[in-house]
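Structure file query-v4.cif with mmCIF, C-alpha atoms:
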data_run
loop_
_atom_site.group_PDB
_atom_site.id
_atom_site.type_symbol
_atom_site.label_atom_id
_atom_site.label_comp_id
_atom_site.auth_asym_id
_atom_site.auth_seq_id
_atom_site.Cartn_x
_atom_site.Cartn_y
_atom_site.Cartn_z
ATOM 1 C CA MET A 218 -29.433 -34.753 -12.541
ATOM 2 C CA ARG A 219 -28.803 -38.489 -12.390
ATOM 3 C CA GLU A 220 -25.393 -39.684 -11.225
ATOM 4 C CA ARG A 221 -24.841 -41.376 -14.584
ATOM 5 C CA ASP A 222 -25.428 -38.113 -16.450
ATOM 6 C CA ALA A 223 -22.850 -36.400 -14.251
ATOM 7 C CA VAL A 224 -20.062 -38.936 -14.852
ATOM 8 C CA ILE A 225 -20.551 -39.673 -18.570
ATOM 9 C CA PRO A 226 -18.812 -36.532 -19.928
ATOM 10 C CA ASP A 227 -15.586 -37.299 -18.018
ATOM 11 C CA LEU A 228 -15.813 -40.989 -18.912
ATOM 12 C CA ARG A 229 -16.463 -40.116 -22.580
ATOM 13 C CA ASP A 230 -13.235 -38.079 -22.731
ATOM 14 C CA TRP A 231 -11.291 -40.889 -21.091
ATOM 15 C CA VAL A 232 -12.767 -43.528 -23.436
ATOM 16 C CA ASP A 233 -11.861 -41.405 -26.478
ATOM 17 C CA ARG A 234 -8.263 -41.161 -25.275
ATOM 18 C CA LEU A 235 -8.178 -44.899 -24.445
ATOM 19 C CA ALA A 236 -9.429 -45.819 -27.914
ATOM 20 C CA ASP A 237 -6.753 -43.608 -29.491
ATOM 21 C CA ARG A 238 -3.946 -44.858 -27.240
ATOM 22 C CA PHE A 239 -4.683 -48.540 -27.850
ATOM 23 C CA ALA A 240 -6.228 -48.379 -31.364
ATOM 24 C CA LEU A 241 -9.544 -49.816 -30.166
ATOM 25 C CA ASP A 242 -11.991 -49.898 -33.034
ATOM 26 C CA THR A 243 -15.777 -49.900 -33.132
ATOM 27 C CA ARG A 244 -15.921 -53.698 -32.823
ATOM 28 C CA VAL A 245 -14.584 -53.197 -29.289
ATOM 29 C CA ILE A 246 -16.173 -49.867 -28.347
ATOM 30 C CA PRO A 247 -19.068 -48.944 -30.618
ATOM 31 C CA PRO A 248 -20.081 -45.280 -30.893
ATOM 32 C CA CYS A 249 -23.208 -46.028 -28.836
ATOM 33 C CA TRP A 250 -21.296 -47.516 -25.873
ATOM 34 C CA GLU A 251 -22.923 -44.985 -23.543
ATOM 35 C CA GLN A 252 -26.285 -46.651 -24.173
ATOM 36 C CA HIS A 253 -25.057 -50.050 -22.933
ATOM 37 C CA ASN A 254 -24.882 -50.334 -19.154
ATOM 38 C CA GLY A 255 -22.411 -53.213 -19.240
ATOM 39 C CA MET A 256 -19.994 -51.189 -21.356
ATOM 40 C CA VAL A 257 -20.359 -48.104 -19.168
ATOM 41 C CA GLU A 258 -19.643 -50.146 -16.039
ATOM 42 C CA ALA A 259 -16.673 -51.979 -17.585
ATOM 43 C CA LEU A 260 -15.107 -48.790 -18.930
ATOM 44 C CA SER A 261 -15.709 -46.942 -15.676
ATOM 45 C CA ALA A 262 -14.061 -49.761 -13.710
ATOM 46 C CA LEU A 263 -11.108 -49.783 -16.112
ATOM 47 C CA ARG A 264 -10.686 -46.025 -15.765
ATOM 48 C CA ASP A 265 -10.765 -46.279 -11.960
ATOM 49 C CA HIS A 266 -8.260 -49.138 -12.106
ATOM 50 C CA GLU A 267 -5.946 -47.007 -14.237
ATOM 51 C CA ARG A 268 -6.184 -44.095 -11.814
ATOM 52 C CA GLY A 269 -5.251 -46.341 -8.900
ATOM 53 C CA SER A 270 -2.509 -48.080 -10.858
ATOM 54 C CA TYR A 271 -0.710 -44.863 -11.694
ATOM 55 C CA ALA A 272 -1.245 -43.039 -8.405
ATOM 56 C CA ALA A 273 1.879 -41.748 -6.670
ATOM 57 C CA ASP A 274 1.669 -44.449 -3.993
ATOM 58 C CA ALA A 275 0.855 -47.330 -6.386
ATOM 59 C CA ASP A 276 2.820 -50.556 -6.370
ATOM 60 C CA PRO A 277 5.439 -50.525 -9.163
ATOM 61 C CA ARG A 278 3.743 -53.590 -10.693
ATOM 62 C CA ALA A 279 0.336 -51.924 -10.836
ATOM 63 C CA GLY A 280 0.826 -50.712 -14.408
ATOM 64 C CA VAL A 281 1.224 -54.284 -15.620
ATOM 65 C CA ASP A 282 -1.866 -55.269 -13.633
ATOM 66 C CA TRP A 283 -3.744 -52.480 -15.387
ATOM 67 C CA LEU A 284 -2.619 -53.765 -18.790
ATOM 68 C CA ARG A 285 -3.955 -57.208 -17.839
ATOM 69 C CA ALA A 286 -7.220 -55.577 -16.824
ATOM 70 C CA LEU A 287 -7.310 -53.755 -20.166
ATOM 71 C CA ARG A 288 -6.929 -57.077 -21.976
ATOM 72 C CA GLU A 289 -9.781 -58.624 -19.957
ATOM 73 C CA VAL A 290 -12.070 -55.618 -20.341
ATOM 74 C CA ARG A 291 -11.313 -55.443 -24.064
ATOM 75 C CA ALA A 292 -12.473 -59.066 -24.402
ATOM 76 C CA LEU A 293 -15.617 -58.287 -22.391
ATOM 77 C CA LEU A 294 -16.380 -55.199 -24.483
ATOM 78 C CA THR A 295 -15.903 -57.180 -27.700
ATOM 79 C CA GLU A 296 -18.303 -59.820 -26.392
ATOM 80 C CA LEU A 297 -20.882 -57.227 -25.365
ATOM 81 C CA ALA A 298 -20.590 -55.455 -28.728
ATOM 82 C CA GLY A 299 -21.043 -58.787 -30.480
ATOM 83 C CA LEU A 300 -24.245 -59.492 -28.569
ATOM 84 C CA THR A 301 -25.898 -56.328 -29.829
ATOM 85 C CA GLN A 302 -24.252 -56.155 -33.275
ATOM 86 C CA CYS A 303 -24.164 -52.369 -33.044
ATOM 87 C CA SER A 304 -22.343 -50.723 -35.912
ATOM 88 C CA VAL A 305 -20.889 -47.326 -36.696
ATOM 89 C CA HIS A 306 -24.232 -46.323 -38.198
ATOM 90 C CA GLN A 307 -26.755 -48.186 -36.068
ATOM 91 C CA HIS A 308 -27.425 -48.763 -32.377
ATOM 92 C CA ARG A 309 -29.266 -51.927 -31.421
ATOM 93 C CA ASP A 310 -30.713 -52.679 -28.034
ATOM 94 C CA PRO A 311 -29.654 -55.994 -26.514
ATOM 95 C CA ALA A 312 -32.031 -58.928 -26.779
ATOM 96 C CA PRO A 313 -34.471 -59.214 -23.878
ATOM 97 C CA ARG A 314 -32.980 -61.113 -20.976
ATOM 98 C CA ARG A 315 -34.474 -64.430 -19.952
ATOM 99 C CA PRO A 316 -35.563 -64.602 -16.305
ATOM 100 C CA LEU A 317 -33.068 -66.311 -14.009
ATOM 101 C CA SER A 318 -35.646 -67.741 -11.638
ATOM 102 C CA PRO A 319 -38.599 -70.057 -12.202
ATOM 103 C CA SER A 320 -41.604 -68.185 -13.462
ATOM 104 C CA ALA A 321 -45.055 -68.728 -14.825
ATOM 105 C CA THR A 322 -43.495 -69.469 -18.223
ATOM 106 C CA GLN A 323 -41.933 -72.702 -16.926
ATOM 107 C CA PRO A 324 -43.948 -75.887 -16.685
ATOM 108 C CA ALA A 325 -45.280 -76.554 -13.191
ATOM 109 C CA SER A 326 -43.129 -79.701 -12.968
ATOM 110 C CA ALA A 327 -39.970 -77.629 -13.498
ATOM 111 C CA ARG A 328 -40.985 -75.085 -10.863
ATOM 112 C CA SER A 329 -41.803 -77.698 -8.227
ATOM 113 C CA PHE A 330 -38.670 -79.693 -9.007
ATOM 114 C CA ALA A 331 -36.425 -76.632 -8.822
ATOM 115 C CA ALA A 332 -37.854 -75.786 -5.419
ATOM 116 C CA ALA A 333 -37.464 -79.366 -4.142
ATOM 117 C CA GLU A 334 -33.919 -80.044 -5.396
ATOM 118 C CA PRO A 335 -32.158 -76.860 -6.476
ATOM 119 C CA ASN A 336 -28.674 -78.441 -6.735
ATOM 120 C CA ARG A 337 -29.495 -81.644 -8.651
ATOM 121 C CA PRO A 338 -28.340 -81.628 -12.285
ATOM 122 C CA VAL A 339 -31.198 -82.073 -14.728
ATOM 123 C CA SER A 340 -30.960 -83.302 -18.304
ATOM 124 C CA ILE A 341 -32.675 -81.441 -21.097
ATOM 125 C CA ASN A 342 -34.753 -84.551 -21.765
ATOM 126 C CA GLU A 343 -36.142 -84.479 -18.229
ATOM 127 C CA VAL A 344 -37.175 -80.883 -18.704
ATOM 128 C CA ALA A 345 -38.657 -81.471 -22.147
ATOM 129 C CA ASP A 346 -40.791 -84.460 -21.220
ATOM 130 C CA GLY A 347 -41.629 -83.362 -17.675
ATOM 131 C CA SER A 348 -40.173 -86.550 -16.187
ATOM 132 C CA MET A 349 -38.104 -84.820 -13.518
ATOM 133 C CA ARG A 350 -38.446 -86.789 -10.321
ATOM 134 C CA SER A 351 -37.373 -85.864 -6.858
ATOM 135 C CA SER A 352 -35.087 -88.334 -5.102
ATOM 136 C CA ARG A 353 -37.307 -87.733 -2.078
ATOM 137 C CA GLU A 354 -40.284 -89.391 -3.770
#
For this file, produce the structure as structure tokens.
Amino acid sequence: MRERDAVIPDLRDWVDRLADRFALDTRVIPPCWEQHNGMVEALSALRDHERGSYAADADPRAGVDWLRALREVRALLTELAGLTQCSVHQHRDPAPRRPLSPSATQPASARSFAAAEPNRPVSINEVADGSMRSSRE
């Protein structure tokens, strides 16, 4: 059994109670949240934060910190739900992610420039017309 499969039932119960306690609707936590890794990680972190915040030895201000975390995670969940546009009736996979590093899909000039000067700002026009020049030239 995968670790994820072992923790989801407990997390599911906690998320149901959270949604009831704070009137979080499906625009924040869609029914398919378990199929979105970002949502699972955010909700799991929020649950762990709550557990620590209300532990017997917790700082008296920890509850307020948890409420701030709830506000931040709620905004993140709303953003993630907006990216997929999942609804009560339909799950949608997120759009494919663009690679973060230079790849074969970039023009050769962009790849060589990125390797030569990784911290130099580049305008979109330089990328579009291939006129990126190294200051070392």
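The interatomic distance for the pair atom CA of Gln307 of chain A and atom CA of Thr295 of chain A works out to 16.4 Å.
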Seminar exercise, completed: Atom pair atom CA of Val245 of chain A + atom CA of Leu293 of chain A, distance 8.6 Å
Report the residues retrieved by the PyMOL selection byres ((chain A and resi 263) around 10) from the displayed file, expressed as a CSV table (one decimal) with C-alpha atoms, in the coordinates of the input.
chain,number,residue,atom,x,y,z
A,232,VAL,CA,-12.8,-43.5,-23.4
A,257,VAL,CA,-20.4,-48.1,-19.2
A,258,GLU,CA,-19.6,-50.1,-16.0
A,259,ALA,CA,-16.7,-52.0,-17.6
A,260,LEU,CA,-15.1,-48.8,-18.9
A,261,SER,CA,-15.7,-46.9,-15.7
A,262,ALA,CA,-14.1,-49.8,-13.7
A,264,ARG,CA,-10.7,-46.0,-15.8
A,265,ASP,CA,-10.8,-46.3,-12.0
A,266,HIS,CA,-8.3,-49.1,-12.1
A,267,GLU,CA,-5.9,-47.0,-14.2
A,268,ARG,CA,-6.2,-44.1,-11.8
A,269,GLY,CA,-5.3,-46.3,-8.9
A,283,TRP,CA,-3.7,-52.5,-15.4
A,284,LEU,CA,-2.6,-53.8,-18.8
A,286,ALA,CA,-7.2,-55.6,-16.8
A,287,LEU,CA,-7.3,-53.8,-20.2
A,289,GLU,CA,-9.8,-58.6,-20.0
A,290,VAL,CA,-12.1,-55.6,-20.3
A,291,ARG,CA,-11.3,-55.4,-24.1
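Note that the spacing between atom CA of Ile246 of chain A and atom CA of Asp227 of chain A amounts to 16.3 Å.
With only the atoms specified (only C-alpha atoms) counting, those residues at most 9 Å away from (-31.7, -45.6, -24.6) are Glu251, Gln252, His253 and Asp310 of chain A.
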